[in-house]
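Student: Please see the structure below; I have some questions.
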Amino acid sequence: MTAISSGATTYIAQSVSLFDGFDGFVLPLVLKIAFVLQLFFVVPLVGGYLEHKAMGRMQHRRGPVEAGPFGVLQLVADGIKFIQKEDVIPRAADRWVFAAAPGVAMVPALLVFLVIPLGPGVFALDLELGLFYALAITSVSVLGVLMGGWASANKFSLIGGLRAGAQLIAYELPLILAAITVAVQAGTLSLVGIVEAQAGFMIPGTGINVWFVFPQIVGFGIFFISAMAELSRPPFDMPIGDSELVFGYMTEYTGIKYAMYMLTEYAGMITMSALMVVLYLGGWQLLPGVPMPGCEGAGGLFDCSPIGIALSVLVTLGKIMALVFVMVWARVAYPRLREDQLQRMSWLVLVPLSLLNLAVITVFKVVF
Amino acid sequence: MTGHDVVFVLVGLLTAAAAILTVTSKNLVHAALFLATTLAGIAGVFLVLAADFLALVQLVVYVGAVAVLFLFGLMLTRAPIGREALDNQNRGLAIGVSGGLFVVLSALIVDAVVGGSLGDTTVAEVTGPGIEDIGMAIFAEWVLPFEVLSMLLLAALIGAIVLARREPGDSGEEAMATRIDFGDAPPTEGTDSLSSGSLPELTSGERREGGP
């Protein structure tokens with residue numbers, strides 16, 4: 001039986017993580033867990049601070065200024081405040097489901113960070129099925145939202161939960177179809193493999209290197225819109241629409257549980273942006289065709305020196321934050337859609353468009 | 001017992017416990033949530049057995065879609081929100097059917113492993129096939145069954161839509177539709193019943209004289 005156990009748990013990893021360079025079994029594991037946790041708890045806070053500041057400027061305010069220099073510690077202060085608050089559970093609520101719901105929503109958002117690559121070797125795992133893993137895990141989050149909406153024993157919460165369920169199912173389809181199209185073009189499901197495929201993708205007949213966003217600009221738009229809808233971000237925030245439903249499925253939540261829902265949303269913004277960077281925007285490549293200084297591997301993106309690795313991580317984080325900024329921009333610029341407009345947009349516009357996109361890209365892939 | 005076996009047993013126990021709770025729970029929504037746990041547990045079993053593609057498919061199809069649709073349907077129709085219970089009275093019948101199935105299936109498995117055809121199989125190392133192998137197998141060797149299955153699913157899908165759709169002539173109550181007209185032209189006088197019919201009666205001179 002020992003032979004089985006050693007063979008069974010080694011999943012096929014495409015390239016080796018930086019953390020596997022250390023000796024032993026425990027040290028790489030601890031480092032990977034620390035890496036994923038800091039991704040989950042720190043980067044979303046940076047995104048949240050960016051949102052506060054950008055929204056403030058767009059609305060002729062200054063955003064947070066008091067906590068820390070330029071208000072950078074505002075979200076940390078918010079977190080401390082949430083922990084101190086009283087944990088209120090409505091008397092009619094289903095206590096266990098009510099308490100478990102934020103966790104069910106949050107854990108998948110944490111697990112996605114396992115496969116997100118920030119640079120050459122800077123990832124916890126490079127699964128052969130990385131892209132599919134990320135999409136499959138995020139689809140579980142909706143259970144937590146439905147549970148919270150039902151267990152609150154509140155009509156507004158229930159309607160919010162129902163809307164969230166309908167919305168997440170409707171937009172998962174175009175999201176997955178757009179992602180599949182990238183996988184078809186790259187010929188792999190591994191996220192690192194997709195970055196490598198983009199570094200080697202030339203316009204047919206020429207030697208000019210372009211990212212997948214150029215042949216798949218339609219797919220990128222579909223993915224971006226669906227990602228915003230999956231996260232229930234304005235203008236797709238019907239599940240929590242505060243002018244109609246108080247605060248949707250989060251109405252009865254206070255304190256740390258509410259903070260968990262919020263952290264899920266912000267972590268989701270980071271993972272979706274990171275997926276878009278990997279799928280369409282060349283990963284840690286600065287510009288198409290430009291090799292990273294200090295890197296020698298394929299496309300100038302792999303086998304890097306420490307400086308090259310640091311630069312790559314900075315480039316990825318910069319791209320993620322740029323996409324987060326665009327999401328905030330869309331939030332400020334557009335009013336909330338109506339529920340029927342939302343469903344119509346997904347089923348009648350995005351799904352047929354993404355199927356067409358898939359067909360066209362597949363034909364091009366076969367022809368060239 | 002290696003660490004791998006321990007994890008396998010733990011995941012199996014969790015799945016079995018959730019499955020039992022699914023059928024014994026009196027609250028419909030709780031039962032659906034335990035069902036979701038069971039399905040996720042089966043995904044865990046697949047993962048431990050190195051079938052990672054199958055595990056992810058299980059997760060995205062059964063947990064992410066089927067269980068969510070169950071919950072969605074329950075909440076939309078008849079589940080009482082909060083702590084109330086809703087149960088039907090078919091407990092004895094259900095125990096009979098599931099107990100019988102359990103006996104038959106476990107007898108088959110025990111027969112196959114211990115006394116029967118699988119008795120002298122050697123234990124082989126488990127390594128999950130790569131996604132490329134699965135893809136080649138489905139779309140090269142097994143493409144005809146695959147296409148037939150997808151036609152069947154498509155037929156079922158269209159059938160469900162046809163069944164759920166209500167034609168104009170069907171029985172049942174038509175939903176009241178509120179019609180909001182955003183046209184530019186306001187209703188002209190004399191053409192609609194409102195201006196020529198009821199309103200002038202109310203404001204006619206005779207009624208006003210009759211009043212105080």
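The chains in the structure tokens are called A, B, ... from first to last as shown; in each chain the residues are counted from 1, and the ligands are counted from 1 in the order shown.
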Counting only C-alpha atoms, what is within 6 Å of segment 282-290 of chain A, bar same-chain residues fewer than 3 positions away, as number ranges by chain?
Tutor: A: 119, 195, 198, 209-211, 277-278, 312, 315-316
Student: Please dump the current selection as a short mmCIF file (atom, residue, chain, number, x, y, z; two decimals), in the first residue's frame; keep C-alpha atoms.
Tutor:
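Result file is selection.cif:
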data_model
loop_
_atom_site.label_atom_id
_atom_site.label_comp_id
_atom_site.auth_asym_id
_atom_site.auth_seq_id
_atom_site.Cartn_x
_atom_site.Cartn_y
_atom_site.Cartn_z
CA GLY A 119 5.81 35.36 -11.61
CA VAL A 195 1.50 32.55 -19.94
CA GLN A 198 1.22 33.83 -24.97
CA ASN A 209 4.42 38.63 -30.60
CA VAL A 210 0.98 39.60 -29.24
CA TRP A 211 -1.01 38.70 -26.15
CA VAL A 277 -3.94 38.99 -16.50
CA VAL A 278 -2.87 35.38 -16.99
CA SER A 312 7.83 39.95 -12.73
CA VAL A 315 4.44 43.68 -13.24
CA THR A 316 1.71 41.13 -12.42
#
Student: Quick one: residues within 12 Å of Leu73 of chain A, only C-alpha atoms, excluding same-chain residues fewer than 5 positions away - as a PDB file with C-alpha atoms, in the first residue's frame?
Tutor:
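Output (part19.pdb):
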ATOM      1  CA  VAL A  42      -2.988  41.596   2.031  1.00  0.00           C
ATOM      2  CA  LEU A  45      -6.785  45.170   1.177  1.00  0.00           C
ATOM      3  CA  VAL A  46      -4.566  47.004  -1.304  1.00  0.00           C
ATOM      4  CA  GLY A  48      -9.875  47.907  -1.387  1.00  0.00           C
ATOM      5  CA  TYR A  49      -7.725  50.927  -0.581  1.00  0.00           C
ATOM      6  CA  LEU A  50      -7.360  51.610  -4.301  1.00  0.00           C
ATOM      7  CA  HIS A  52     -11.694  53.849  -1.731  1.00  0.00           C
ATOM      8  CA  PRO A  64      -9.865  57.891   3.584  1.00  0.00           C
ATOM      9  CA  VAL A  65      -7.239  60.261   5.060  1.00  0.00           C
ATOM     10  CA  GLU A  66      -7.196  59.689   8.818  1.00  0.00           C
ATOM     11  CA  ALA A  67      -5.917  56.162   9.452  1.00  0.00           C
ATOM     12  CA  GLY A  68      -2.198  56.007   8.695  1.00  0.00           C
ATOM     13  CA  ASP A  78     -12.238  48.634   9.557  1.00  0.00           C
ATOM     14  CA  GLY A  79     -11.168  45.058  10.187  1.00  0.00           C
ATOM     15  CA  ILE A  80     -10.396  45.776  13.851  1.00  0.00           C
TER      16      ILE A  80
END
Student: Based on the backbone DSSP call, show me all residues of segment 14-115 of chain B assigned alpha helix (DSSP H), as a VMD selection string.
Tutor: chain B and resid 14 to 24 28 to 48 52 to 58 68 to 77 91 to 110
Student: At a cut-off of 8 Å, using only C-alpha atoms, what residues contact segment 151-160 of chain A? Leave out same-chain residues fewer than 3 positions from it and give the result as a list in words.
Tutor: Pro90, Ala92, Ala93, Asp94, Arg95, Val97, Phe98, Leu146, Met147, Gly148, Arg163, Ala164, Met238, Pro239, Ile240, Leu245, Val246, Phe247, Gly248, Tyr249, Met250, Thr251 and Glu252 of chain A; Met75, Ile81, Gly82 and Arg83 of chain B
Student: What's around segment 112-115 of chain A at 8 Å? Count only C-alpha atoms, leave out sequence neighbours fewer than 6 positions away in its own chain, and write the answer as an MDAnalysis selection string.
Tutor: chainID A and resid 36 39:40 123:127 130 133:134 137:138 191 271
Student: If we count only C-alpha atoms, what is near Leu355 of chain A at a cut-off of 12 Å, once residues fewer than 6 positions away on the same chain are taken out, given as number ranges by chain?
Tutor: A: 173-181, 218-219, 222, 347-349, 361-362
Student: Take the residues from that selection and put them in a file with C-alpha atoms, as a short mmCIF file (atom, residue, chain, number, x, y, z; two decimals), in the first residue's frame.
Tutor:
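Saved to again07.cif:
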data_model
loop_
_atom_site.label_atom_id
_atom_site.label_comp_id
_atom_site.auth_asym_id
_atom_site.auth_seq_id
_atom_site.Cartn_x
_atom_site.Cartn_y
_atom_site.Cartn_z
CA LEU A 173 -21.59 29.98 -18.44
CA PRO A 174 -20.11 32.86 -20.52
CA LEU A 175 -17.20 33.07 -18.06
CA ILE A 176 -16.29 29.40 -18.56
CA LEU A 177 -16.87 29.57 -22.32
CA ALA A 178 -14.53 32.57 -22.63
CA ALA A 179 -11.90 30.83 -20.51
CA ILE A 180 -12.21 27.64 -22.59
CA THR A 181 -11.52 29.68 -25.72
CA VAL A 218 -14.42 39.81 -27.64
CA GLY A 219 -13.61 37.03 -25.23
CA ILE A 222 -17.15 38.77 -22.11
CA TRP A 347 -28.55 34.48 -21.88
CA LEU A 348 -29.30 36.43 -25.04
CA VAL A 349 -26.07 38.37 -25.58
CA ILE A 361 -11.05 30.96 -32.47
CA THR A 362 -11.19 27.18 -32.88
#
Student: Mind giving me the straight-line distance from atom CA of Gly308 of chain A to atom CA of Gly121 of chain A in Å, one decimal?
Tutor: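 Computing it gives 11.3 Å between the two atoms.
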Student: Need to verify the contact set: Tyr253 of chain A, 8 Å, only C-alpha atoms, exclusion of same-chain residues closer than 4 positions in sequence. Can you return it as an mmCIF file with C-alpha atoms, in the first residue's frame?
Tutor:
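The result, written out as out-v9.cif:
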data_model
loop_
_atom_site.group_PDB
_atom_site.id
_atom_site.type_symbol
_atom_site.label_atom_id
_atom_site.label_comp_id
_atom_site.auth_asym_id
_atom_site.auth_seq_id
_atom_site.Cartn_x
_atom_site.Cartn_y
_atom_site.Cartn_z
ATOM 1 C CA VAL A 88 -25.970 39.413 16.248
ATOM 2 C CA ILE A 89 -27.925 36.344 15.147
ATOM 3 C CA LYS A 257 -19.199 37.425 9.470
ATOM 4 C CA TYR A 258 -20.028 40.478 7.406
#
Student: Using DSSP on the backbone coordinates, identify all residues within segment 68-292 of chain A classified as strand (DSSP E or B); present the result as a PyMOL selection string.
Tutor: chain A and resi 119+122+127+202+209
Student: Which one of B:Asp5, B:Glu147, B:Glu141, B:Asp111 sits closest to chain A if you count only C-alpha atoms?
Tutor: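 Of B:Asp5, B:Glu147, B:Glu141, B:Asp111, the one nearest chain A, counting only C-alpha atoms, is B:Asp5.
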Student: Given the choices B:Ala67, B:Ala43, B:Ala156, B:Val23, which gets closest to chain A if the distance is worked out from only C-alpha atoms?
Tutor: B:Ala67
Student: Enter the distance from atom CA of Phe364 of chain A to atom CA of Val182 of chain A, in Å, rounded to one decimal.
Tutor: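 A separation of 12.5 Å between them.
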Student: Which distance in Å separates atom CA of Ser243 of chain A and atom CA of Ser141 of chain A, to one decimal?
Tutor: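 Distance reported for this atom pair: 24.4 Å.
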